[in-house]
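Here's the structure, in structure tokens; my notes come after.
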Amino acid sequence: MNYKKIDDKIFISIDKGELVNEKLLEVAEQEGLKSGWINGLGAISDIEIGYWDIEKKVYVKKVFDSDYELISLIGNVSLVDNKPFIHTHISFSDTTFKVFGGHLFDAEVIAAAEFCIFMSDYHLHRKLNCDIGLNLWNI
């Protein structure tokens with residue numbers, strides 16, 4: 001992975017074999033981010049996504065182990081227990097151009113992946129919402 005901080009943005013290139021969210025978190029920790037917005041694209045495999053079952057208060061997960069085009073990753077950086085936390089969602093397509101998507105747990109880069117974090121100085125904390133069962137923004 002390589003990255004460069006320019007003004008209020010961080011440009012990130014994640015290398016083949018590296019995990020997307022793991023590397024995004026690594027950058028957030030190294031730079032001491034308090035909040036930010038993430039965009040990205042690339043090529044990925046071994047993708048674990050899910051959706052939140054509001055009634056059971058658990059993620060329903062699925063793994064996609066083929067090679068896919070990362071059409072779009074969108075997410076944010078916030079704080080949980082005063083440490084950076086990465087929350088991302090993705091859409092990705094297979095070789096027949098069928099599109100899938102959901103909450104991203106992580107995915108491996110198979111060729112290249114490029115991201116930008118738009119940084120903010122705001123300390124955006126998350127707090128457990130017992131009705132939903134998730135740590136949500138505490139604005």
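Chains: A, B, ... in order of the structure tokens. Residues: from 1 per chain. Ligands: from 1, in order shown.
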Show me, as CSV, the residues of range 18-74 of chain A having an atom within 12 Å of range 130-136 of chain A, each with the closest atom pair and its distance in Å, using only C-alpha atoms.
```
residue,atom,partner,partner_atom,distance
A:Trp52,CA,A:Leu134,CA,9.2
A:Asp53,CA,A:Ile132,CA,9.4
A:Ile54,CA,A:Ile132,CA,6.4
A:Glu55,CA,A:Ile132,CA,8.4
A:Lys56,CA,A:Gly133,CA,9.0
A:Lys57,CA,A:Gly133,CA,5.5
A:Val58,CA,A:Gly133,CA,8.0
A:Tyr59,CA,A:Leu134,CA,10.3
```
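Within 6 Å of range 24-39 of chain A, once only C-alpha atoms are used and residues closer than 3 positions along the same chain are dropped, the contacting residues are Asn21, Leu73, Ile74, Gly75, Asn76, Val77, Ser78, Phe115, Cys116, Ile117, Phe118, Met119, Ser120, His123 and Leu124 of chain A.
With only C-alpha atoms as the atoms that count, the residue of A:Val20, A:Ala43, A:Ile110, A:Leu70 with the shortest distance to Ile86 in chain A is A:Val20.
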Residue set, chain A restricted to helix (DSSP H, G or I), as a ChimeraX atom specification: /A:20-31
Given the selection you just returned, output its residues as a file containing all heavy atoms, formatted as a CSV table (one decimal), in the first residue's frame.
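After the write, selection06.csv holds the following:
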```
chain,number,residue,atom,x,y,z
A,20,VAL,N,-8.8,-4.5,1.8
A,20,VAL,CA,-9.2,-3.2,1.6
A,20,VAL,C,-9.5,-2.5,3.0
A,20,VAL,O,-8.8,-1.5,3.3
A,20,VAL,CB,-10.5,-3.1,0.8
A,20,VAL,CG1,-11.1,-1.7,0.8
A,20,VAL,CG2,-10.2,-3.6,-0.6
A,21,ASN,N,-10.4,-3.0,3.8
A,21,ASN,CA,-10.8,-2.3,5.0
A,21,ASN,C,-9.6,-2.3,6.0
A,21,ASN,O,-9.4,-1.3,6.7
A,21,ASN,CB,-12.0,-2.9,5.7
A,21,ASN,CG,-13.3,-2.4,5.1
A,21,ASN,OD1,-13.3,-1.4,4.3
A,21,ASN,ND2,-14.4,-3.0,5.5
A,22,GLU,N,-8.8,-3.4,6.0
A,22,GLU,CA,-7.6,-3.4,6.9
A,22,GLU,C,-6.7,-2.3,6.6
A,22,GLU,O,-6.2,-1.6,7.5
A,22,GLU,CB,-6.9,-4.8,6.7
A,22,GLU,CG,-5.7,-5.0,7.6
A,22,GLU,CD,-5.1,-6.3,7.3
A,22,GLU,OE1,-5.7,-7.3,7.8
A,22,GLU,OE2,-4.0,-6.4,6.7
A,23,LYS,N,-6.4,-2.0,5.3
A,23,LYS,CA,-5.5,-1.0,4.9
A,23,LYS,C,-6.1,0.4,5.1
A,23,LYS,O,-5.4,1.3,5.5
A,23,LYS,CB,-5.0,-1.2,3.4
A,23,LYS,CG,-4.1,-2.4,3.3
A,23,LYS,CD,-2.9,-2.3,4.1
A,23,LYS,CE,-2.0,-3.5,4.1
A,23,LYS,NZ,-0.8,-3.3,5.0
A,24,LEU,N,-7.4,0.6,4.8
A,24,LEU,CA,-8.0,1.9,5.1
A,24,LEU,C,-7.9,2.2,6.6
A,24,LEU,O,-7.6,3.3,6.9
A,24,LEU,CB,-9.5,1.8,4.6
A,24,LEU,CG,-9.7,1.8,3.1
A,24,LEU,CD1,-11.2,1.6,2.8
A,24,LEU,CD2,-9.1,3.0,2.4
A,25,LEU,N,-8.1,1.2,7.4
A,25,LEU,CA,-8.0,1.4,8.9
A,25,LEU,C,-6.6,1.8,9.3
A,25,LEU,O,-6.3,2.6,10.1
A,25,LEU,CB,-8.5,0.2,9.6
A,25,LEU,CG,-8.4,0.3,11.2
A,25,LEU,CD1,-9.3,1.5,11.7
A,25,LEU,CD2,-8.9,-1.0,11.8
A,26,GLU,N,-5.6,1.1,8.6
A,26,GLU,CA,-4.2,1.4,8.9
A,26,GLU,C,-3.9,2.8,8.6
A,26,GLU,O,-3.2,3.5,9.4
A,26,GLU,CB,-3.3,0.4,8.1
A,26,GLU,CG,-1.9,0.5,8.4
A,26,GLU,CD,-1.1,-0.5,7.5
A,26,GLU,OE1,-1.5,-1.6,7.4
A,26,GLU,OE2,0.0,0.0,7.0
A,27,VAL,N,-4.4,3.3,7.5
A,27,VAL,CA,-4.1,4.7,7.1
A,27,VAL,C,-4.8,5.7,8.2
A,27,VAL,O,-4.2,6.6,8.6
A,27,VAL,CB,-4.6,5.0,5.7
A,27,VAL,CG1,-4.6,6.5,5.4
A,27,VAL,CG2,-3.8,4.3,4.7
A,28,ALA,N,-6.1,5.4,8.5
A,28,ALA,CA,-6.8,6.2,9.5
A,28,ALA,C,-6.1,6.2,10.8
A,28,ALA,O,-6.0,7.3,11.4
A,28,ALA,CB,-8.2,5.6,9.6
A,29,GLU,N,-5.5,5.1,11.2
A,29,GLU,CA,-4.8,5.1,12.5
A,29,GLU,C,-3.5,5.8,12.4
A,29,GLU,O,-3.2,6.6,13.3
A,29,GLU,CB,-4.5,3.6,12.9
A,29,GLU,CG,-5.8,2.9,13.3
A,29,GLU,CD,-5.6,1.4,13.6
A,29,GLU,OE1,-4.6,0.8,13.1
A,29,GLU,OE2,-6.4,0.8,14.2
A,30,GLN,N,-2.7,5.6,11.3
A,30,GLN,CA,-1.5,6.3,11.2
A,30,GLN,C,-1.6,7.8,11.1
A,30,GLN,O,-0.8,8.6,11.6
A,30,GLN,CB,-0.7,5.8,9.9
A,30,GLN,CG,-0.2,4.5,10.0
A,30,GLN,CD,0.5,4.0,8.7
A,30,GLN,OE1,0.6,4.7,7.7
A,30,GLN,NE2,0.9,2.7,8.7
A,31,GLU,N,-2.7,8.3,10.5
A,31,GLU,CA,-3.0,9.7,10.3
A,31,GLU,C,-3.8,10.3,11.5
A,31,GLU,O,-4.0,11.5,11.5
A,31,GLU,CB,-3.6,10.0,9.0
A,31,GLU,CG,-2.7,9.7,7.8
A,31,GLU,CD,-1.5,10.5,7.8
A,31,GLU,OE1,-1.5,11.7,8.1
A,31,GLU,OE2,-0.4,10.0,7.3
```
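Using only C-alpha atoms, the shortest contact distance between Ile49 in chain A and any of A:His125, A:Lys62, A:Lys5, A:Lys16 is found at A:Lys62.
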Which residue of A:Ile90, A:Val63, A:Met1, A:Leu79 approaches Asn138 in chain A most closely, using only C-alpha atoms: A:Leu79
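Across the model, the gap from CA of Asp67 in chain A to CA of Phe97 in chain A is 11.9 Å.
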Spatial neighbours of His103 in chain A, 8 Å, only C-alpha atoms, chain gap at least 3 places, as a PyMOL selection string: chain A and resi 49-51+87-90
Pull N, CA, C and O atoms from the residues just selected and write them as an mmCIF file, in the first residue's frame.
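Generated output (out_31.cif):
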```
data_model
loop_
_atom_site.group_PDB
_atom_site.id
_atom_site.type_symbol
_atom_site.label_atom_id
_atom_site.label_comp_id
_atom_site.auth_asym_id
_atom_site.auth_seq_id
_atom_site.Cartn_x
_atom_site.Cartn_y
_atom_site.Cartn_z
ATOM 1 N N ILE A 49 -19.495 -9.677 2.480
ATOM 2 C CA ILE A 49 -20.461 -8.599 2.653
ATOM 3 C C ILE A 49 -21.613 -9.084 3.516
ATOM 4 O O ILE A 49 -21.713 -10.272 3.840
ATOM 5 N N GLY A 50 -22.484 -8.155 3.864
ATOM 6 C CA GLY A 50 -23.647 -8.529 4.649
ATOM 7 C C GLY A 50 -24.699 -7.444 4.632
ATOM 8 O O GLY A 50 -24.505 -6.371 4.069
ATOM 9 N N TYR A 51 -25.812 -7.771 5.270
ATOM 10 C CA TYR A 51 -26.850 -6.782 5.523
ATOM 11 C C TYR A 51 -27.311 -6.973 6.958
ATOM 12 O O TYR A 51 -27.208 -8.066 7.533
ATOM 13 N N HIS A 87 -16.277 2.205 8.171
ATOM 14 C CA HIS A 87 -17.587 1.658 7.810
ATOM 15 C C HIS A 87 -17.742 1.822 6.300
ATOM 16 O O HIS A 87 -17.763 2.956 5.799
ATOM 17 N N THR A 88 -17.805 0.701 5.568
ATOM 18 C CA THR A 88 -17.866 0.773 4.112
ATOM 19 C C THR A 88 -18.982 -0.094 3.533
ATOM 20 O O THR A 88 -19.324 -1.136 4.096
ATOM 21 N N HIS A 89 -19.498 0.354 2.399
ATOM 22 C CA HIS A 89 -20.453 -0.404 1.588
ATOM 23 C C HIS A 89 -19.885 -0.448 0.175
ATOM 24 O O HIS A 89 -19.192 0.477 -0.247
ATOM 25 N N ILE A 90 -20.200 -1.544 -0.544
ATOM 26 C CA ILE A 90 -19.672 -1.673 -1.895
ATOM 27 C C ILE A 90 -20.723 -2.195 -2.868
ATOM 28 O O ILE A 90 -21.698 -2.833 -2.470
#
```
Every residue of chain A that DSSP places in strand (DSSP E or B), as a VMD selection string: chain A and resid 2 to 6 9 to 15 19 35 to 53 58 to 80 83 to 93 99 to 120 125 to 129 134 to 138
Neighbours of range 91-95 of chain A within 7 Å (only C-alpha atoms; same-chain residues fewer than 5 positions away dropped), as a PDB file with N, CA and C atoms, in the first residue's frame?
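Dumped to around-v4.pdb:
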```pdb
ATOM      1  N   TYR A  68     -13.850 -10.036  -9.032  1.00  0.00           N
ATOM      2  CA  TYR A  68     -14.910  -9.067  -9.303  1.00  0.00           C
ATOM      3  C   TYR A  68     -14.323  -7.692  -9.556  1.00  0.00           C
ATOM      4  N   GLU A  69     -15.091  -6.893 -10.283  1.00  0.00           N
ATOM      5  CA  GLU A  69     -14.770  -5.494 -10.497  1.00  0.00           C
ATOM      6  C   GLU A  69     -15.431  -4.692  -9.376  1.00  0.00           C
ATOM      7  N   LEU A  70     -14.635  -3.945  -8.630  1.00  0.00           N
ATOM      8  CA  LEU A  70     -15.180  -3.073  -7.586  1.00  0.00           C
ATOM      9  C   LEU A  70     -15.703  -1.809  -8.266  1.00  0.00           C
ATOM     10  N   ILE A  71     -17.009  -1.747  -8.428  1.00  0.00           N
ATOM     11  CA  ILE A  71     -17.642  -0.623  -9.119  1.00  0.00           C
ATOM     12  C   ILE A  71     -17.568   0.625  -8.250  1.00  0.00           C
ATOM     13  N   SER A  72     -17.879   0.445  -6.973  1.00  0.00           N
ATOM     14  CA  SER A  72     -17.886   1.594  -6.086  1.00  0.00           C
ATOM     15  C   SER A  72     -17.790   1.148  -4.640  1.00  0.00           C
ATOM     16  N   LEU A  73     -16.920   1.810  -3.915  1.00  0.00           N
ATOM     17  CA  LEU A  73     -16.878   1.679  -2.460  1.00  0.00           C
ATOM     18  C   LEU A  73     -17.152   3.065  -1.923  1.00  0.00           C
ATOM     19  N   PHE A 100     -23.587  -6.971  -7.382  1.00  0.00           N
ATOM     20  CA  PHE A 100     -23.902  -7.353  -6.009  1.00  0.00           C
ATOM     21  C   PHE A 100     -23.495  -6.197  -5.107  1.00  0.00           C
ATOM     22  N   GLY A 101     -23.957  -6.213  -3.878  1.00  0.00           N
ATOM     23  CA  GLY A 101     -23.524  -5.155  -2.977  1.00  0.00           C
ATOM     24  C   GLY A 101     -23.988  -5.366  -1.564  1.00  0.00           C
ATOM     25  N   GLY A 102     -23.425  -4.564  -0.672  1.00  0.00           N
ATOM     26  CA  GLY A 102     -23.802  -4.615   0.722  1.00  0.00           C
ATOM     27  C   GLY A 102     -22.744  -3.996   1.609  1.00  0.00           C
TER      28      GLY A 102
END
```
